[in-house]
Every structure is written in C-alpha cells, then in structure tokens.
Protein chains: 2
Amino acid sequence: MESATLDRLAELAVGFGANVQPGQQVIVIAAIGQEPLARRIVELVYGAGAVFVDMVYRDPYVQRARLQHGIDETLGYEPEWVVERVRQHGAKHGATIALSGPVAPGLLDGIEPDRIGRDRPPGQKQSTENMTEARNNWTIVPCPTRGWATLVHPDLEPDAALERLWEQIEVVCRVDTEDPVAAWKSRMDDLARACEALTERRFDMIHLEGPGTDLRVGLLPTSTWCGGGLTTAWGLRHQPNLPTEEVFTTPDPARVDGVVRATKPRELSGTIVRDLEVRFESGRVRSIEAAENGAVLKAYAERDEGAGRLGELALVDGEGRIGPLDTVFYDTLLDENAASHIALGQGFDWAVGDDDRDRINRSEIHVDFMIGSPEVDVTGITASGERVPVLRNGAWQL
Amino acid sequence: MESATLDRLAELAVGFGANVQPGQQVIVIAAIGQEPLARRIVELVYGAGAVFVDMVYRDPYVQRARLQHGIDETLGYEPEWVVERVRQHGAKHGATIALSGPVAPGLLDGIEPDRIGRDRPPGQKQSTENMTEARNNWTIVPCPTRGWATLVHPDLEPDAALERLWEQIEVVCRVDTEDPVAAWKSRMDDLARACEALTERRFDMIHLEGPGTDLRVGLLPTSTWCGGGLTTAWGLRHQPNLPTEEVFTTPDPARVDGVVRATKPRELSGTIVRDLEVRFESGRVRSIEAAENGAVLKAYAERDEGAGRLGELALVDGEGRIGPLDTVFYDTLLDENAASHIALGQGFDWAVGDDDRDRINRSEIHVDFMIGSPEVDVTGITASGERVPVLRNGAWQL
C-alpha cells in the first residue's frame, strides 16, 4: 500500500499542491529519511517540464552539531548567498515543495532552549518575504518516516507504527479517494463559502472561550478570511498546505487580550512544547508558560519587535479529516488543521485590504499553535457589540 | 572498529586535510548514504570554530531523475545563485570537505551516455576557477558505504564487504598508524623529494611505454612537479586528497602524441568506463574507444575547446599504500593514487611559471584516468634528446 500511496501523494503535491509549471525552477526541501517521497516528487517535477530542481536535504544532526559545538556567532548566521538564493527564487517565480514530519524526535533534548530559540535556518526572513508577497507557488505535504511514526504511535512496533501513519496520511490527504483533486476541490469550495460568510460579517473581534481559554482577538476593518488555496501575485493557483482544513485571516496586532491554553502539544525546532499557556495584553504576549520547552517558544517570541504579536487567526471546523482521528501528530501541518489556532509573527499582506497593509504584524517568525477544540466556542463580535455564534461544537453557525 | 576509524578519518579530514581555521565558512559535500562520516565531520568543523557549515547532500537518484525526465534545457543548467555561491565561497576563502566513493553503482545504467556526458553539477566551472586560483583550503576523503563495498568486493556478503572496505580505507588513509598526521608528513616529504628531482631535470617530454601504451607528453619550459599538499593563495597549507600518493604537473597541451590504454576502469558520472583506449595527435584526442561507456567520456571530451587536451600528467611510485592492495575501487580518489594517470581538461596555474601561464590547457572539466602500472616504463626525454629512466617497475630511478 505504501508505495501506491506515496505515488499518489507525490502526484498531488506536484500537480495540485505546488501546481508546478513547465520552465519553472523548483526547490524541493526534505529531511534525511524522507528520500523515497522526495525522489518521486523530483521525478514528477522534471516530468512536468521544470528546468531545474534544487533538492535540499536537511539533516537534523547537522543542526544539533551547530547548536552543540558552534561558536555563538554561528547562531542565526546567514551567508549572503543563502539570502540571494531565496531572493532569486522569489524574483524568478519558482516553485517550492517541502516535506513535513519530525524525522528525529527528541534529538535536541538537553540542548539549551535559549540557543535553540536563537538559532534559525538561514534565509528564513527572505522566505517569509517571498511568502508575504506571494512570489512563489508552493506546498507542504507530510512524509511518514519511521522516526515520526514511533513518536505518534509509541505503543506499536516500528513497522506497524509506520504502516498506521501511512494509513492516516492517506486519509487526511484524501489520496484514498478515487479522484483526490476532485475531493480537495469540493472541500475547498466549502472552505471558500465559510470564508465568504465570515468576511461579509466584518466582525470587529473574535472571542474564543473554552477550558483555560478566554481570548479576544481584534480584527482590522479590512481583514479578509482566506482558505481553500492561494493565488500567486502573478496569478497561479496553488495549495500551500496539503492537507488544509482552515480558514484564516490577519488580525489587528494591537488588540489581542486575555489568556489562551494550547489544545495540542507543538513540535518546535526539535523540541515539544507541552501544556502551553499564553497571556496577551494590548496585542502583546505578556507571559508564556509551559510544562515543557516554554523557553524555546519564549526565545522565538523575543526575536524581533513583531514576534510577540499575532499575525494569524485560523478557524477549523469539525468537517476536516484530521480532527476525527484524535491523534497528536507533533507536526504543525497536520495538527494546525485539526484545530483552530493562532500564530505569533508575520501576518499575510493579502489577507487585508490596501488601507490596512501598514497595520498588520511584521516579523521574521511565523509560529502557529493550536487553541481550538469542540469545547472551544468561537463568537464574532460586531462593531456595535452584537455577539454572533461562529463555531459551536465544531460546526459553523453562520 | 568502524566507529573509531570513522572518528580518526574525520579528525584527519578536518584538522590536517582541509586544515579548517576558526571563523571560516565550510562547505561539506556528501552523498545520501554517507551521513555518519559527514555528521562527525560537521561536529568537528564547528568544534574548530567555523562560523557556518553548509552541509550539502547529493542524491544520485535526483541526478537520475534529471537525466531521465528533464527537458533538454535542464542539462547543464546553472541557476545564477549556484554560481554566486561558489564565487562567494572563493572570495571569502572558505574551506571545503568532500566525501568520495560511489554510493549507488549502476544507477545510471541504461541512460543515454550522451545525456550523462552533457549533464554536469551546477557551479562546476566556478569551482574549477576557485581551485585553479587556490582560493580555498579543501580536501577529499573516501567514505565507505554498503553500496560501494559490494561493488569493490562482490564476492563478500554486504556486511563483510563493508568491513573489508573500512579496513582498506583505514590502511590507505594511514589512520591505522599511531600518529596519522606524522605518517602523512613523512610520506609528503618523500613525494616532495621526487618532485624536486623531476623539476630539476627540466625534461622536455615524458614517454610512457607499456602494454597497449606508447604515449609522449610534452612539458612546458616551466612545468613544475607538485605533490605532498598545496598552499592557498593566501598562505594556508592543506591536503587536497587523502590519500595522496602522486606527483603531478601541467603539461604542454599542444604536444601529446600516441596511444594510451587505461590500466584501471574509471567510474564516471555513475557509469563505469572499461577497457579504455585513447589516441592523441598534436595534443588533441583523436579517438576514444572503450568496451563500456566510452561515449560518456567522449561527451566530456567534447564539452569545450580544452576538454579534448591534457591538463595534468601524474606519476605514482610503488611505495604508496593503494597499489599493493591490488583492488579496483571505482573511485578516482583512490584509483588515481594507485597508478600514474593523465587528465583531460583544466590544468593547474600553479604548476607552471608565469611565462607559461597562457599556454596551459583551459576547460571546465578535469577528468583523470589511470594509465600506469609496474609494467609501464616512464622515461624523461631532455631537450637534447637524452632518455633518462624515471620509473621502472614502480621505483624512482632519479
């Protein structure tokens, strides 16, 4: 089963997710351990008429070596050419396909969280700019590996865990259906309808209430709800995340108040942040507490001026395929599409109108964490103070 | 044994081979399958105070995908940033450590040889320029893998083959000695003495004679014999090849005549060129014949004006540690240090005096192949026509 699923997943990533076009330069990013899916993707990308594939294998052991043995100056160091590479990729309207899934869980255990938080992949800032300006067609798809499978299914033997994870990925990526692209298009239509209904209401604020959570997130006058795919600045449709089950917008970074309890653990730079609680005041993070690795997120939130404010608010309904599996995947791509979430850091330019573009949050980071569940009520508050139910027990109320 | 040998090999590569300096940017190049040695090297490089390690994993399956599925334009395509990266690495005087050894022998079987010959790693031309101008301290060391081991020792079980290959690498890299650096320095001294004796004679021509070989290679008036390490243009000593057993010079690209039969197979772009015979006339390749994959070398030799002329003549004595193993490694690093060889393509600027710099061969390729054995006599011919024995049965006669 694995091999056929892998083929279908690769086809979905290249043809529908990134929507690779003839003559494009394509960057494929995978981790050591994800070779089989990466290789199949490269074959299909060349088959689609790409002029060049830049296959990048990331090795978590190399990151660990840098954190353990590197002089202080090395953390966050960016050679000019790395930035130039990302810049050219944006300017040339290249495509990017990245594979997700933690390949070596726990590898950074014992490393000073502050060092982990200060480290970052070179070129990240420029990548964020490319994303904000919609210069590239891109997608991220999950790639099962043995390491990831044993993290998600610790009670199973490694082989059985890997098989189980592949089965789940097949389901959540909808490659178990006869025509995955048609299945996705149908789901995208539903998400587009939810976006339209939400945007029409022009809520002034979204209120999230649940166990340990009472958070008010202000919206901008032109905040627009997006979901079901993106279009590049030069007009090409693509699906940044497969799976995707969310609708999202860029909130007002000056008006976020209250407390929020994460509803799922969050894999972050090789560590797992558990039992996270974040307090906001006038838009800014006031405190970050966690049972484990809160310091890693704290270091992220201090990286720049906007790192401690919100760039995204996303709502996830109960119709998605990830939530019902009731599985923590320790992978943001999957977990963030199982539950409503917020993100610290960079906002999306295209999720607000021209008038508000100067008001959205700016940062080199963009870190999502999950705060939704069927127990979390989502309510819209209009400018006149009217309270309108948005999500109740995972179902749209609009 | 493997693990201790791996440690010692990594130490030799970082501290003695590349001679990595604090504050340097370092590029480490390995293939998928060579992770254990690559990771240990990265740890040591950061431990040596490097400011950044650019770990590059090459995947032969990605090369195959490009050759099989890529549109014609993709072969030889170089994104600007790839060239820029190599250029900056040269300008910043960075260090490079590459691992050798074929990891997936036979993977390119069945692919059109002409396509293989026309394909090339992006940035190669700029890399050659960096090497010619001695901008970087660098080294190449062999890295045993299962795939390579079964190619070299097809009669052994894979585990036994890998163990045998590690034993051989330990010997040829002299990491079986108590002080590998001292062992190498002593061997380097011997090579330096041979260079001095050869250079002093100012031969006009070198004549190689053996079974199937009768080749005269003209030297330039200032051709200087080199061996036993290099010095960067900015004064840092390093050992480009570990192991190295050769002394070499840049010949006169206009005066090469006769026929030469390769004494070992040559791994080239994932294929193996067997039973090679090359004829030269007035410096230029006139014909290339081989029992297998001659077309791949032919495509290389046609890549540019200098690709069909010689850039290097190297002599290897019988005192080295590779020759006595009587093993074909299918890896140029090892095989070229087992036997005298010549290279098509780019010559070395620093192996001639200023007066002859305009006369050496220029090309973006540099492809060595082995033509020496104890049965091949090497004779120097002076300007006045005197014949002076240089190597007889692998022993220096000077």
# chains A, B, ... in the order shown; residues from 1 in each chain; ligands from 1

$ closest_atom_pairs --of "chain A" --to "chain B" --cutoff "10 Å" --atoms "only C-alpha atoms" --output "Markdown table"
| residue | atom | partner | partner_atom | distance |
| --- | --- | --- | --- | --- |
| A:Pro22 | CA | B:Ile71 | CA | 9.3 |
| A:Gly23 | CA | B:Ile71 | CA | 8.9 |
| A:Gln25 | CA | B:Pro79 | CA | 8.5 |
| A:Ile32 | CA | B:Ile32 | CA | 8.0 |
| A:Gly33 | CA | B:Ile32 | CA | 9.6 |
| A:Glu35 | CA | B:Ile32 | CA | 8.7 |
| A:Pro36 | CA | B:Tyr61 | CA | 9.6 |
| A:Ala38 | CA | B:Val62 | CA | 8.9 |
| A:Arg39 | CA | B:Val62 | CA | 6.2 |
| A:Arg40 | CA | B:Ala65 | CA | 8.6 |
| A:Ile41 | CA | B:Ala65 | CA | 9.6 |
| A:Val42 | CA | B:Val62 | CA | 6.6 |
| A:Glu43 | CA | B:Ala65 | CA | 5.0 |
| A:Leu44 | CA | B:His69 | CA | 8.0 |
| A:Val45 | CA | B:Gly70 | CA | 8.6 |
| A:Tyr46 | CA | B:Gly70 | CA | 4.8 |
| A:Gly47 | CA | B:His69 | CA | 5.1 |
| A:Ala48 | CA | B:Gly70 | CA | 8.6 |
| A:Gly49 | CA | B:Ile71 | CA | 6.0 |
| A:Ala50 | CA | B:Gly70 | CA | 7.1 |
| A:Val51 | CA | B:Thr74 | CA | 4.8 |
| A:Phe52 | CA | B:Thr74 | CA | 5.8 |
| A:Val53 | CA | B:Arg66 | CA | 8.1 |
| A:Asp54 | CA | B:Val62 | CA | 9.3 |
| A:Met55 | CA | B:Val62 | CA | 7.5 |
| A:Val56 | CA | B:Tyr57 | CA | 7.4 |
| A:Tyr57 | CA | B:Tyr57 | CA | 6.1 |
| A:Arg58 | CA | B:Met55 | CA | 8.2 |
| A:Asp59 | CA | B:Met55 | CA | 8.2 |
| A:Pro60 | CA | B:Arg39 | CA | 9.8 |
| A:Tyr61 | CA | B:Arg39 | CA | 6.6 |
| A:Val62 | CA | B:Arg39 | CA | 6.2 |
| A:Gln63 | CA | B:Val42 | CA | 9.6 |
| A:Arg64 | CA | B:Glu43 | CA | 8.7 |
| A:Ala65 | CA | B:Glu43 | CA | 5.0 |
| A:Arg66 | CA | B:Tyr46 | CA | 6.4 |
| A:Leu67 | CA | B:Tyr46 | CA | 9.2 |
| A:Gln68 | CA | B:Glu43 | CA | 8.2 |
| A:His69 | CA | B:Gly47 | CA | 5.1 |
| A:Gly70 | CA | B:Tyr46 | CA | 4.8 |
| A:Ile71 | CA | B:Gly49 | CA | 6.0 |
| A:Asp72 | CA | B:Val51 | CA | 8.6 |
| A:Glu73 | CA | B:Val51 | CA | 6.5 |
| A:Thr74 | CA | B:Val51 | CA | 4.8 |
| A:Leu75 | CA | B:Val51 | CA | 8.6 |
| A:Gly76 | CA | B:Phe52 | CA | 9.6 |
| A:Tyr77 | CA | B:Phe52 | CA | 7.0 |
| A:Glu78 | CA | B:Phe52 | CA | 8.2 |
| A:Pro79 | CA | B:Phe52 | CA | 8.0 |
| A:Glu80 | CA | B:Gln88 | CA | 8.2 |
| A:Trp81 | CA | B:Arg85 | CA | 5.3 |
| A:Val82 | CA | B:Arg85 | CA | 7.7 |
| A:Val83 | CA | B:Trp81 | CA | 9.6 |
| A:Glu84 | CA | B:Trp81 | CA | 6.7 |
| A:Arg85 | CA | B:Trp81 | CA | 5.3 |
| A:Val86 | CA | B:Trp81 | CA | 8.9 |
| A:Arg87 | CA | B:Trp81 | CA | 9.3 |
| A:Gln88 | CA | B:Trp81 | CA | 7.2 |
| A:His89 | CA | B:Trp81 | CA | 9.0 |

$ residues_around --residues "region 274-290 of chain B" --least-positions-apart "3" --cutoff "7 Å" --atoms "only C-alpha atoms" --output "JSON, numbers by chain"
{"B": [253, 254, 255, 256, 257, 258, 259, 260, 261, 262, 265, 266, 293, 294, 298, 308, 309]}

$ closest_residue --among "B:Lys125, B:Ala383, B:Pro142, B:Val152" --to "Gln346 (chain B)" --atoms "only C-alpha atoms"
B:Lys125

$ select_by_dssp --residues "region 173-343 of chain B" --states "alpha helix (DSSP H)" --output "PyMOL selection string"
chain B and resi 180-201+294-301+332-335

$ write_last_selection --atoms "N, CA, C and O atoms" --output "tab-separated table (two decimals), in the first residue's frame"
chain	number	residue	atom	x	y	z
B	180	PRO	N	48.61	9.49	12.53
B	180	PRO	CA	48.37	9.57	11.09
B	180	PRO	C	48.97	10.83	10.45
B	180	PRO	O	49.49	10.79	9.33
B	181	VAL	N	48.94	11.94	11.18
B	181	VAL	CA	49.48	13.18	10.61
B	181	VAL	C	50.98	13.06	10.39
B	181	VAL	O	51.51	13.44	9.34
B	182	ALA	N	51.68	12.45	11.38
B	182	ALA	CA	53.12	12.25	11.24
B	182	ALA	C	53.41	11.31	10.08
B	182	ALA	O	54.35	11.54	9.29
B	183	ALA	N	52.59	10.25	9.95
B	183	ALA	CA	52.78	9.29	8.86
B	183	ALA	C	52.64	10.00	7.51
B	183	ALA	O	53.43	9.79	6.59
B	184	TRP	N	51.63	10.87	7.40
B	184	TRP	CA	51.41	11.59	6.15
B	184	TRP	C	52.54	12.59	5.89
B	184	TRP	O	53.00	12.72	4.75
B	185	LYS	N	53.00	13.24	6.93
B	185	LYS	CA	54.08	14.22	6.72
B	185	LYS	C	55.33	13.54	6.20
B	185	LYS	O	56.02	14.08	5.33
B	186	SER	N	55.61	12.35	6.71
B	186	SER	CA	56.79	11.62	6.25
B	186	SER	C	56.63	11.25	4.77
B	186	SER	O	57.55	11.42	3.96
B	187	ARG	N	55.44	10.74	4.41
B	187	ARG	CA	55.21	10.39	3.01
B	187	ARG	C	55.27	11.64	2.11
B	187	ARG	O	55.82	11.61	1.00
B	188	MET	N	54.74	12.76	2.61
B	188	MET	CA	54.75	14.01	1.84
B	188	MET	C	56.19	14.44	1.56
B	188	MET	O	56.49	14.98	0.50
B	189	ASP	N	57.08	14.22	2.55
B	189	ASP	CA	58.48	14.58	2.37
B	189	ASP	C	59.09	13.78	1.21
B	189	ASP	O	59.83	14.32	0.38
B	190	ASP	N	58.74	12.46	1.15
B	190	ASP	CA	59.25	11.64	0.05
B	190	ASP	C	58.75	12.17	-1.29
B	190	ASP	O	59.51	12.25	-2.26
B	191	LEU	N	57.47	12.50	-1.33
B	191	LEU	CA	56.90	13.00	-2.58
B	191	LEU	C	57.55	14.32	-2.98
B	191	LEU	O	57.84	14.57	-4.15
B	192	ALA	N	57.79	15.17	-1.99
B	192	ALA	CA	58.42	16.46	-2.27
B	192	ALA	C	59.83	16.26	-2.85
B	192	ALA	O	60.23	17.00	-3.76
B	193	ARG	N	60.54	15.26	-2.35
B	193	ARG	CA	61.89	14.98	-2.89
B	193	ARG	C	61.81	14.53	-4.34
B	193	ARG	O	62.61	14.95	-5.18
B	194	ALA	N	60.80	13.66	-4.64
B	194	ALA	CA	60.63	13.21	-6.03
B	194	ALA	C	60.31	14.40	-6.94
B	194	ALA	O	60.84	14.51	-8.06
B	195	CYS	N	59.47	15.30	-6.45
B	195	CYS	CA	59.11	16.48	-7.23
B	195	CYS	C	60.35	17.31	-7.56
B	195	CYS	O	60.54	17.77	-8.69
B	196	GLU	N	61.14	17.51	-6.53
B	196	GLU	CA	62.34	18.34	-6.69
B	196	GLU	C	63.27	17.75	-7.76
B	196	GLU	O	63.73	18.45	-8.66
B	197	ALA	N	63.49	16.42	-7.66
B	197	ALA	CA	64.37	15.76	-8.62
B	197	ALA	C	63.82	15.88	-10.04
B	197	ALA	O	64.55	16.14	-10.99
B	198	LEU	N	62.51	15.68	-10.19
B	198	LEU	CA	61.89	15.74	-11.52
B	198	LEU	C	61.95	17.16	-12.09
B	198	LEU	O	62.27	17.35	-13.26
B	199	THR	N	61.63	18.13	-11.24
B	199	THR	CA	61.60	19.51	-11.72
B	199	THR	C	63.00	19.96	-12.14
B	199	THR	O	63.18	20.62	-13.18
B	200	GLU	N	64.00	19.56	-11.36
B	200	GLU	CA	65.39	19.95	-11.65
B	200	GLU	C	65.85	19.51	-13.04
B	200	GLU	O	66.61	20.21	-13.70
B	201	ARG	N	65.34	18.33	-13.48
B	201	ARG	CA	65.79	17.79	-14.76
B	201	ARG	C	65.26	18.59	-15.94
B	201	ARG	O	65.78	18.49	-17.04
B	294	GLY	N	32.36	4.27	-23.28
B	294	GLY	CA	33.29	5.22	-23.90
B	294	GLY	C	32.57	6.51	-24.30
B	294	GLY	O	33.15	7.59	-24.27
B	295	ALA	N	31.28	6.38	-24.64
B	295	ALA	CA	30.52	7.55	-25.11
B	295	ALA	C	30.39	8.61	-24.02
B	295	ALA	O	30.29	9.81	-24.32
B	296	VAL	N	30.37	8.18	-22.75
B	296	VAL	CA	30.27	9.16	-21.66
B	296	VAL	C	31.52	10.03	-21.64
B	296	VAL	O	31.45	11.26	-21.59
B	297	LEU	N	32.69	9.37	-21.71
B	297	LEU	CA	33.94	10.13	-21.72
B	297	LEU	C	34.03	11.00	-22.98
B	297	LEU	O	34.50	12.14	-22.93
B	298	LYS	N	33.56	10.44	-24.11
B	298	LYS	CA	33.58	11.19	-25.36
B	298	LYS	C	32.79	12.50	-25.22
B	298	LYS	O	33.22	13.55	-25.65
B	299	ALA	N	31.61	12.41	-24.60
B	299	ALA	CA	30.78	13.61	-24.43
B	299	ALA	C	31.51	14.62	-23.54
B	299	ALA	O	31.48	15.83	-23.78
B	300	TYR	N	32.19	14.13	-22.49
B	300	TYR	CA	33.01	15.02	-21.66
B	300	TYR	C	34.07	15.72	-22.52
B	300	TYR	O	34.28	16.92	-22.43
B	301	ALA	N	34.76	14.92	-23.34
B	301	ALA	CA	35.90	15.43	-24.10
B	301	ALA	C	35.49	16.45	-25.14
B	301	ALA	O	36.33	17.15	-25.70
B	332	THR	N	37.92	7.59	-8.21
B	332	THR	CA	39.11	8.22	-8.75
B	332	THR	C	40.10	8.60	-7.66
B	332	THR	O	41.30	8.45	-7.82
B	333	LEU	N	39.59	9.10	-6.53
B	333	LEU	CA	40.48	9.50	-5.44
B	333	LEU	C	41.45	8.38	-5.09
B	333	LEU	O	42.65	8.61	-4.89
B	334	LEU	N	40.94	7.15	-5.00
B	334	LEU	CA	41.80	6.03	-4.63
B	334	LEU	C	42.54	5.48	-5.84
B	334	LEU	O	43.77	5.28	-5.80
B	335	ASP	N	41.83	5.25	-6.93
B	335	ASP	CA	42.47	4.59	-8.08
B	335	ASP	C	43.55	5.46	-8.71
B	335	ASP	O	44.56	4.95	-9.16

$ atom_distance --atom1 "CA of Glu163 (chain B)" --atom2 "CA of Ile29 (chain B)"
23.3 Å

$ residues_around --residues "Ile322 (chain A)" --least-positions-apart "2" --cutoff "7 Å" --atoms "only C-alpha atoms" --output "list in words"
Val172, Gly320, Pro324, Leu325, Leu334, Asn337 and Ala338 of chain A

$ write_last_selection --atoms "all heavy atoms" --output "CSV table (one decimal), in the first residue's frame"
chain,number,residue,atom,x,y,z
A,172,VAL,N,-6.0,11.7,5.6
A,172,VAL,CA,-6.0,13.1,5.7
A,172,VAL,C,-5.6,13.9,4.5
A,172,VAL,O,-6.1,15.0,4.3
A,172,VAL,CB,-5.2,13.6,6.9
A,172,VAL,CG1,-5.6,12.9,8.2
A,172,VAL,CG2,-3.7,13.4,6.7
A,320,GLY,N,-13.3,18.5,8.9
A,320,GLY,CA,-12.0,18.1,8.4
A,320,GLY,C,-11.7,16.6,8.7
A,320,GLY,O,-12.4,16.0,9.5
A,324,PRO,N,-11.1,14.2,13.6
A,324,PRO,CA,-11.7,12.9,14.0
A,324,PRO,C,-10.7,11.8,14.3
A,324,PRO,O,-11.1,10.9,15.0
A,324,PRO,CB,-12.6,12.5,12.8
A,324,PRO,CG,-12.9,13.8,12.1
A,324,PRO,CD,-11.6,14.7,12.3
A,325,LEU,N,-9.5,11.9,13.8
A,325,LEU,CA,-8.5,10.8,14.1
A,325,LEU,C,-8.1,10.9,15.5
A,325,LEU,O,-7.5,9.9,16.0
A,325,LEU,CB,-7.3,10.9,13.2
A,325,LEU,CG,-7.6,10.7,11.6
A,325,LEU,CD1,-6.2,10.9,10.9
A,325,LEU,CD2,-8.1,9.3,11.4
A,334,LEU,N,-0.2,19.1,10.2
A,334,LEU,CA,-1.4,18.3,10.5
A,334,LEU,C,-2.2,18.8,11.7
A,334,LEU,O,-3.4,19.0,11.6
A,334,LEU,CB,-1.0,16.8,10.7
A,334,LEU,CG,-0.3,16.1,9.5
A,334,LEU,CD1,0.0,14.7,9.9
A,334,LEU,CD2,-1.2,16.2,8.3
A,337,ASN,N,-4.3,21.9,11.3
A,337,ASN,CA,-5.5,21.7,10.5
A,337,ASN,C,-6.5,20.8,11.2
A,337,ASN,O,-7.5,20.4,10.6
A,337,ASN,CB,-5.2,21.2,9.1
A,337,ASN,CG,-4.7,22.3,8.3
A,337,ASN,OD1,-5.4,23.3,8.0
A,337,ASN,ND2,-3.4,22.3,7.8
A,338,ALA,N,-6.2,20.5,12.5
A,338,ALA,CA,-7.2,19.7,13.3
A,338,ALA,C,-7.9,20.6,14.2
A,338,ALA,O,-8.9,20.3,14.8
A,338,ALA,CB,-6.4,18.6,14.1

$ atom_distance --atom1 "CA of Thr5 (chain B)" --atom2 "CA of Gln34 (chain B)"
14.4 Å
